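Reproduced below: target-v3.cif, with mmCIF, N, CA and C atoms.
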data_run
#
loop_
_atom_site.label_atom_id
_atom_site.label_comp_id
_atom_site.auth_asym_id
_atom_site.auth_seq_id
_atom_site.Cartn_x
_atom_site.Cartn_y
_atom_site.Cartn_z
N MET W 197 20.53 -24.08 -11.11
CA MET W 197 19.87 -25.35 -10.84
C MET W 197 20.61 -26.44 -11.61
N ASP W 198 21.10 -27.42 -10.91
CA ASP W 198 21.79 -28.54 -11.55
C ASP W 198 21.05 -29.84 -11.23
N ILE W 199 20.81 -30.62 -12.25
CA ILE W 199 20.24 -31.95 -12.09
C ILE W 199 21.25 -32.92 -12.66
N PHE W 200 21.82 -33.75 -11.80
CA PHE W 200 22.86 -34.70 -12.19
C PHE W 200 24.05 -33.99 -12.83
N GLY W 201 24.35 -32.78 -12.35
CA GLY W 201 25.48 -32.03 -12.89
C GLY W 201 25.21 -31.39 -14.24
N ILE W 202 23.94 -31.36 -14.64
CA ILE W 202 23.56 -30.76 -15.93
C ILE W 202 22.79 -29.49 -15.63
N GLY W 203 23.26 -28.37 -16.13
CA GLY W 203 22.61 -27.09 -15.90
C GLY W 203 21.50 -26.82 -16.90
N ILE W 204 20.87 -25.66 -16.78
CA ILE W 204 19.76 -25.29 -17.66
C ILE W 204 20.19 -25.19 -19.12
N PRO W 205 21.35 -24.59 -19.44
CA PRO W 205 21.73 -24.53 -20.87
C PRO W 205 21.91 -25.92 -21.49
N GLU W 206 22.49 -26.84 -20.73
CA GLU W 206 22.67 -28.20 -21.26
C GLU W 206 21.33 -28.89 -21.45
N LEU W 207 20.38 -28.68 -20.52
CA LEU W 207 19.05 -29.28 -20.68
C LEU W 207 18.34 -28.74 -21.92
N LEU W 208 18.46 -27.44 -22.14
CA LEU W 208 17.85 -26.87 -23.35
C LEU W 208 18.49 -27.45 -24.61
N PHE W 209 19.79 -27.60 -24.62
CA PHE W 209 20.48 -28.18 -25.76
C PHE W 209 20.01 -29.62 -26.00
N LEU W 210 19.89 -30.41 -24.94
CA LEU W 210 19.41 -31.79 -25.09
C LEU W 210 17.97 -31.83 -25.59
N ALA W 211 17.12 -30.93 -25.10
CA ALA W 211 15.72 -30.91 -25.55
C ALA W 211 15.64 -30.58 -27.03
N ILE W 212 16.42 -29.61 -27.49
CA ILE W 212 16.42 -29.26 -28.92
C ILE W 212 16.97 -30.40 -29.75
N LEU W 213 18.01 -31.06 -29.26
CA LEU W 213 18.61 -32.18 -29.99
C LEU W 213 17.61 -33.34 -30.11
N VAL W 214 16.90 -33.66 -29.02
CA VAL W 214 15.90 -34.73 -29.07
C VAL W 214 14.76 -34.36 -30.00
N LEU W 215 14.34 -33.11 -29.97
CA LEU W 215 13.27 -32.66 -30.85
C LEU W 215 13.67 -32.80 -32.32
N ILE W 216 14.92 -32.46 -32.63
CA ILE W 216 15.39 -32.59 -34.02
C ILE W 216 15.49 -34.05 -34.42
N LEU W 217 16.02 -34.90 -33.54
CA LEU W 217 16.23 -36.31 -33.89
C LEU W 217 14.93 -37.10 -33.97
N LEU W 218 14.00 -36.85 -33.04
CA LEU W 218 12.78 -37.66 -32.98
C LEU W 218 11.59 -37.03 -33.72
N GLY W 219 11.59 -35.74 -33.78
CA GLY W 219 10.42 -35.09 -34.37
C GLY W 219 9.34 -34.91 -33.33
N PRO W 220 8.37 -34.05 -33.58
CA PRO W 220 7.35 -33.75 -32.57
C PRO W 220 6.44 -34.93 -32.24
N GLU W 221 6.08 -35.76 -33.24
CA GLU W 221 5.17 -36.88 -32.97
C GLU W 221 5.84 -37.95 -32.12
N GLU W 222 7.04 -38.34 -32.51
CA GLU W 222 7.76 -39.38 -31.75
C GLU W 222 8.17 -38.86 -30.38
N LEU W 223 8.45 -37.58 -30.28
CA LEU W 223 8.84 -37.00 -29.00
C LEU W 223 7.71 -37.14 -27.98
N ALA W 224 6.48 -36.86 -28.38
CA ALA W 224 5.33 -36.97 -27.49
C ALA W 224 5.11 -38.43 -27.07
N ALA W 225 5.20 -39.36 -28.02
CA ALA W 225 4.99 -40.78 -27.70
C ALA W 225 6.09 -41.29 -26.77
N ASN W 226 7.34 -40.92 -27.06
CA ASN W 226 8.45 -41.38 -26.21
C ASN W 226 8.40 -40.73 -24.83
N SER W 227 7.92 -39.50 -24.74
CA SER W 227 7.78 -38.84 -23.44
C SER W 227 6.75 -39.55 -22.58
N ARG W 228 5.64 -39.97 -23.21
CA ARG W 228 4.63 -40.74 -22.47
C ARG W 228 5.21 -42.05 -21.96
N LYS W 229 5.96 -42.74 -22.80
CA LYS W 229 6.59 -44.01 -22.40
C LYS W 229 7.57 -43.79 -21.25
N ALA W 230 8.34 -42.72 -21.32
CA ALA W 230 9.29 -42.42 -20.25
C ALA W 230 8.55 -42.11 -18.95
N GLY W 231 7.43 -41.39 -19.03
CA GLY W 231 6.64 -41.09 -17.84
C GLY W 231 6.06 -42.33 -17.20
N VAL W 232 5.54 -43.25 -18.03
CA VAL W 232 5.00 -44.52 -17.51
C VAL W 232 6.11 -45.32 -16.84
N PHE W 233 7.27 -45.37 -17.46
CA PHE W 233 8.40 -46.11 -16.91
C PHE W 233 8.83 -45.53 -15.56
N LEU W 234 8.95 -44.20 -15.47
CA LEU W 234 9.34 -43.57 -14.21
C LEU W 234 8.29 -43.79 -13.12
N ARG W 235 7.01 -43.74 -13.48
CA ARG W 235 5.95 -43.99 -12.50
C ARG W 235 6.04 -45.41 -11.96
N LYS W 236 6.32 -46.39 -12.83
CA LYS W 236 6.46 -47.78 -12.37
C LYS W 236 7.63 -47.92 -11.40
N ILE W 237 8.72 -47.25 -11.71
CA ILE W 237 9.89 -47.33 -10.84
C ILE W 237 9.57 -46.71 -9.48
N ILE W 238 8.99 -45.52 -9.47
CA ILE W 238 8.73 -44.82 -8.22
C ILE W 238 7.71 -45.55 -7.36
N GLN W 239 6.76 -46.23 -7.96
CA GLN W 239 5.74 -46.94 -7.20
C GLN W 239 6.14 -48.37 -6.84
N SER W 240 7.30 -48.80 -7.26
CA SER W 240 7.73 -50.17 -6.98
C SER W 240 8.20 -50.31 -5.53
N PRO W 241 8.09 -51.52 -4.96
CA PRO W 241 8.55 -51.73 -3.58
C PRO W 241 10.07 -51.57 -3.44
N ILE W 242 10.79 -51.84 -4.49
CA ILE W 242 12.25 -51.67 -4.44
C ILE W 242 12.60 -50.21 -4.23
N TRP W 243 11.90 -49.31 -4.92
CA TRP W 243 12.15 -47.87 -4.78
C TRP W 243 11.85 -47.42 -3.35
N ARG W 244 10.77 -47.96 -2.76
CA ARG W 244 10.45 -47.61 -1.37
C ARG W 244 11.54 -48.09 -0.43
N ASP W 245 12.08 -49.27 -0.69
CA ASP W 245 13.19 -49.78 0.14
C ASP W 245 14.41 -48.88 0.01
N VAL W 246 14.72 -48.46 -1.20
CA VAL W 246 15.87 -47.57 -1.43
C VAL W 246 15.66 -46.26 -0.69
N GLN W 247 14.45 -45.68 -0.78
CA GLN W 247 14.17 -44.42 -0.09
C GLN W 247 14.25 -44.59 1.43
N GLY W 248 13.72 -45.70 1.94
CA GLY W 248 13.77 -45.95 3.39
C GLY W 248 15.21 -46.11 3.88
N THR W 249 16.01 -46.85 3.13
CA THR W 249 17.41 -47.03 3.49
C THR W 249 18.16 -45.70 3.44
N SER W 250 17.89 -44.91 2.45
CA SER W 250 18.52 -43.59 2.33
C SER W 250 18.15 -42.72 3.53
N ARG W 251 16.90 -42.74 3.94
CA ARG W 251 16.46 -41.97 5.10
C ARG W 251 17.16 -42.44 6.36
N GLU W 252 17.28 -43.76 6.54
CA GLU W 252 17.95 -44.31 7.72
C GLU W 252 19.42 -43.90 7.76
N ILE W 253 20.07 -43.90 6.61
CA ILE W 253 21.48 -43.51 6.57
C ILE W 253 21.63 -42.03 6.91
N ARG W 254 20.74 -41.17 6.43
CA ARG W 254 20.80 -39.74 6.75
C ARG W 254 20.56 -39.50 8.23
N GLU W 255 19.70 -40.30 8.87
CA GLU W 255 19.35 -40.11 10.27
C GLU W 255 20.29 -40.83 11.22
N LEU W 256 21.20 -41.65 10.71
CA LEU W 256 22.08 -42.45 11.55
C LEU W 256 22.94 -41.62 12.49
N PRO W 257 23.64 -40.56 12.03
CA PRO W 257 24.45 -39.79 12.99
C PRO W 257 23.62 -39.20 14.14
N THR W 258 22.43 -38.69 13.85
CA THR W 258 21.58 -38.13 14.89
C THR W 258 21.16 -39.21 15.87
N LYS W 259 20.82 -40.39 15.35
CA LYS W 259 20.40 -41.49 16.20
C LYS W 259 21.54 -41.94 17.10
N LEU W 260 22.75 -42.03 16.57
CA LEU W 260 23.91 -42.44 17.37
C LEU W 260 24.22 -41.42 18.46
N ILE W 261 24.12 -40.14 18.14
CA ILE W 261 24.36 -39.10 19.14
C ILE W 261 23.32 -39.19 20.25
N ARG W 262 22.07 -39.40 19.86
CA ARG W 262 20.99 -39.50 20.85
C ARG W 262 21.20 -40.71 21.75
N GLU W 263 21.57 -41.85 21.17
CA GLU W 263 21.76 -43.06 21.96
C GLU W 263 22.97 -42.95 22.89
N ALA W 264 24.00 -42.23 22.46
CA ALA W 264 25.19 -42.09 23.29
C ALA W 264 25.02 -40.99 24.33
N GLY W 265 23.94 -40.23 24.27
CA GLY W 265 23.70 -39.18 25.24
C GLY W 265 24.62 -37.99 25.04
N LEU W 266 24.96 -37.71 23.80
CA LEU W 266 25.90 -36.63 23.52
C LEU W 266 25.21 -35.39 22.97
N GLU W 267 23.92 -35.22 23.27
CA GLU W 267 23.23 -34.05 22.75
C GLU W 267 23.86 -32.78 23.27
N GLU W 268 24.35 -32.82 24.54
CA GLU W 268 24.96 -31.63 25.12
C GLU W 268 26.21 -31.25 24.34
N LEU W 269 27.00 -32.25 23.94
CA LEU W 269 28.22 -31.97 23.19
C LEU W 269 27.89 -31.37 21.83
N LYS W 270 26.83 -31.85 21.23
CA LYS W 270 26.43 -31.33 19.93
C LYS W 270 26.03 -29.86 20.06
N LYS W 271 25.37 -29.51 21.17
CA LYS W 271 24.95 -28.13 21.36
C LYS W 271 26.13 -27.23 21.70
N GLU W 272 27.17 -27.80 22.33
CA GLU W 272 28.30 -27.01 22.79
C GLU W 272 29.47 -27.04 21.82
N THR W 273 29.25 -27.40 20.59
CA THR W 273 30.35 -27.43 19.63
C THR W 273 30.92 -26.04 19.48
N LEU W 274 32.21 -26.00 19.24
CA LEU W 274 32.89 -24.72 19.13
C LEU W 274 32.56 -24.04 17.81
N ASP W 275 32.33 -22.78 17.91
CA ASP W 275 32.14 -21.96 16.72
C ASP W 275 33.53 -21.51 16.28
N PRO W 276 33.95 -21.80 15.04
CA PRO W 276 35.29 -21.42 14.60
C PRO W 276 35.56 -19.93 14.76
N ALA W 277 34.55 -19.11 14.69
CA ALA W 277 34.75 -17.67 14.83
C ALA W 277 35.09 -17.30 16.27
N SER W 278 34.72 -18.15 17.24
CA SER W 278 34.98 -17.83 18.64
C SER W 278 36.39 -18.21 19.07
N ILE W 279 37.14 -18.92 18.25
CA ILE W 279 38.49 -19.32 18.59
C ILE W 279 39.43 -18.17 18.26
N ASP W 280 40.21 -17.74 19.25
CA ASP W 280 41.14 -16.63 19.07
C ASP W 280 42.56 -17.14 19.23
N PRO W 281 43.31 -17.30 18.13
CA PRO W 281 44.68 -17.82 18.24
C PRO W 281 45.60 -16.90 19.03
N ARG W 282 45.25 -15.60 19.14
CA ARG W 282 46.08 -14.69 19.92
C ARG W 282 46.11 -15.08 21.38
N SER W 283 45.06 -15.75 21.86
CA SER W 283 45.05 -16.18 23.26
C SER W 283 46.06 -17.29 23.51
N TRP W 284 46.47 -17.98 22.47
CA TRP W 284 47.48 -19.03 22.63
C TRP W 284 48.84 -18.42 22.92
N LEU W 285 49.05 -17.19 22.48
CA LEU W 285 50.34 -16.52 22.65
C LEU W 285 50.34 -15.59 23.86
N ALA W 286 49.31 -15.64 24.67
CA ALA W 286 49.18 -14.75 25.81
C ALA W 286 50.25 -15.07 26.85
N GLU W 287 50.42 -14.14 27.79
CA GLU W 287 51.39 -14.31 28.86
C GLU W 287 51.04 -15.56 29.66
N PRO W 288 52.05 -16.26 30.19
CA PRO W 288 51.76 -17.47 30.97
C PRO W 288 50.98 -17.13 32.23
N SER W 289 50.20 -18.08 32.69
CA SER W 289 49.39 -17.87 33.89
C SER W 289 50.29 -17.89 35.13
N ASP W 290 49.71 -17.60 36.30
CA ASP W 290 50.48 -17.54 37.54
C ASP W 290 51.15 -18.86 37.86
N SER W 291 50.48 -19.98 37.59
CA SER W 291 51.05 -21.29 37.89
C SER W 291 52.24 -21.59 36.99
N GLU W 292 52.24 -21.04 35.78
CA GLU W 292 53.34 -21.28 34.86
C GLU W 292 54.45 -20.25 35.02
N ALA W 293 54.18 -19.13 35.74
CA ALA W 293 55.15 -18.06 35.87
C ALA W 293 56.38 -18.51 36.63
N GLY W 294 56.23 -19.43 37.58
CA GLY W 294 57.36 -19.90 38.37
C GLY W 294 58.25 -20.85 37.60
N GLN W 295 57.79 -21.39 36.51
CA GLN W 295 58.57 -22.33 35.73
C GLN W 295 59.36 -21.59 34.68
N LYS W 296 60.56 -22.11 34.39
CA LYS W 296 61.38 -21.51 33.35
C LYS W 296 60.95 -22.07 32.00
N PRO W 297 61.00 -21.26 30.95
CA PRO W 297 60.73 -21.81 29.62
C PRO W 297 61.80 -22.83 29.26
N ALA W 298 61.49 -23.68 28.34
CA ALA W 298 62.41 -24.76 27.97
C ALA W 298 63.73 -24.21 27.46
N GLU W 299 63.71 -23.06 26.79
CA GLU W 299 64.95 -22.51 26.26
C GLU W 299 65.85 -22.02 27.38
N GLN W 300 65.27 -21.46 28.44
CA GLN W 300 66.05 -20.93 29.53
C GLN W 300 66.49 -22.03 30.49
N ALA W 301 65.78 -23.13 30.52
CA ALA W 301 66.12 -24.20 31.44
C ALA W 301 67.39 -24.92 31.01
N VAL W 302 67.74 -24.86 29.75
CA VAL W 302 68.93 -25.53 29.25
C VAL W 302 70.14 -24.67 29.58
N GLU W 303 71.16 -25.28 30.16
CA GLU W 303 72.36 -24.53 30.53
C GLU W 303 73.18 -24.25 29.28
N PRO W 304 73.90 -23.12 29.25
CA PRO W 304 74.74 -22.83 28.10
C PRO W 304 75.87 -23.83 27.99
N PRO W 305 76.36 -24.06 26.79
CA PRO W 305 77.43 -25.04 26.63
C PRO W 305 78.70 -24.55 27.31
N SER W 306 79.51 -25.51 27.73
CA SER W 306 80.75 -25.15 28.42
C SER W 306 81.76 -24.60 27.42
N GLU W 307 82.83 -23.99 27.94
CA GLU W 307 83.84 -23.40 27.08
C GLU W 307 84.50 -24.44 26.19
N GLN W 308 84.64 -25.65 26.70
CA GLN W 308 85.32 -26.70 25.95
C GLN W 308 84.54 -27.05 24.69
N THR W 309 83.20 -27.13 24.77
CA THR W 309 82.40 -27.46 23.60
C THR W 309 82.32 -26.29 22.64
N GLN W 310 82.44 -25.04 23.15
CA GLN W 310 82.41 -23.88 22.26
C GLN W 310 83.67 -23.79 21.42
N GLN W 311 84.83 -24.15 21.99
CA GLN W 311 86.09 -24.04 21.28
C GLN W 311 86.37 -25.27 20.43
N GLY W 312 85.59 -26.29 20.60
CA GLY W 312 85.82 -27.52 19.88
C GLY W 312 86.59 -28.50 20.75
N ASN W 313 86.57 -29.74 20.41
CA ASN W 313 87.24 -30.78 21.19
C ASN W 313 88.72 -30.78 20.80
N PRO W 314 89.64 -30.56 21.77
CA PRO W 314 91.05 -30.51 21.44
C PRO W 314 91.63 -31.87 21.06
N HIS W 315 90.93 -32.95 21.35
CA HIS W 315 91.42 -34.29 21.06
C HIS W 315 91.16 -34.72 19.63
N GLU W 316 90.52 -33.88 18.83
CA GLU W 316 90.19 -34.26 17.46
C GLU W 316 91.32 -34.05 16.53
#

In structure tokens, what does this structure look like?
Amino acid sequence: MDIFGIGIPELLFLAILVLILLGPEELAANSRKAGVFLRKIIQSPIWRDVQGTSREIRELPTKLIREAGLEELKKETLDPASIDPRSWLAEPSDSEAGQKPAEQAVEPPSEQTQQGNPHE
């Protein structure tokens, strides 16, 4: 469990450190003050606006897909496990069988280019 990137061991260390620095009496009083402060923040209209905006941002992609009518595309997304790269190397289909591959379509060089240019 991580809260703001702080794990349980770090939280325990901070709690012990605060207890040592403040003492048990001040710790209780400061904890109450922190609770009142957090309650004021959470109940404020600004916090509600922040939460509402956050919700709208999270729902934006779904809303855009719905408005564009792309629900079918979302349902038909490819599963990476269903892609088989071996099928890319399969034998050419009947329509491609009549065509020569690019390597075979190129004619071999003439004897003059194989022996080099005599004019050099």

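Going from atom N of W:Arg228 over to atom C of W:Leu210, you cover 15.0 Å.
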
Practice problem: Find the distance between atom N of W:Gly201 and atom C of W:Thr258 and write it in Å to one decimal. | Solution: 29.1 Å

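Straight-line separation from atom C of W:Ile202 to atom CA of W:Glu255: 28.2 Å.
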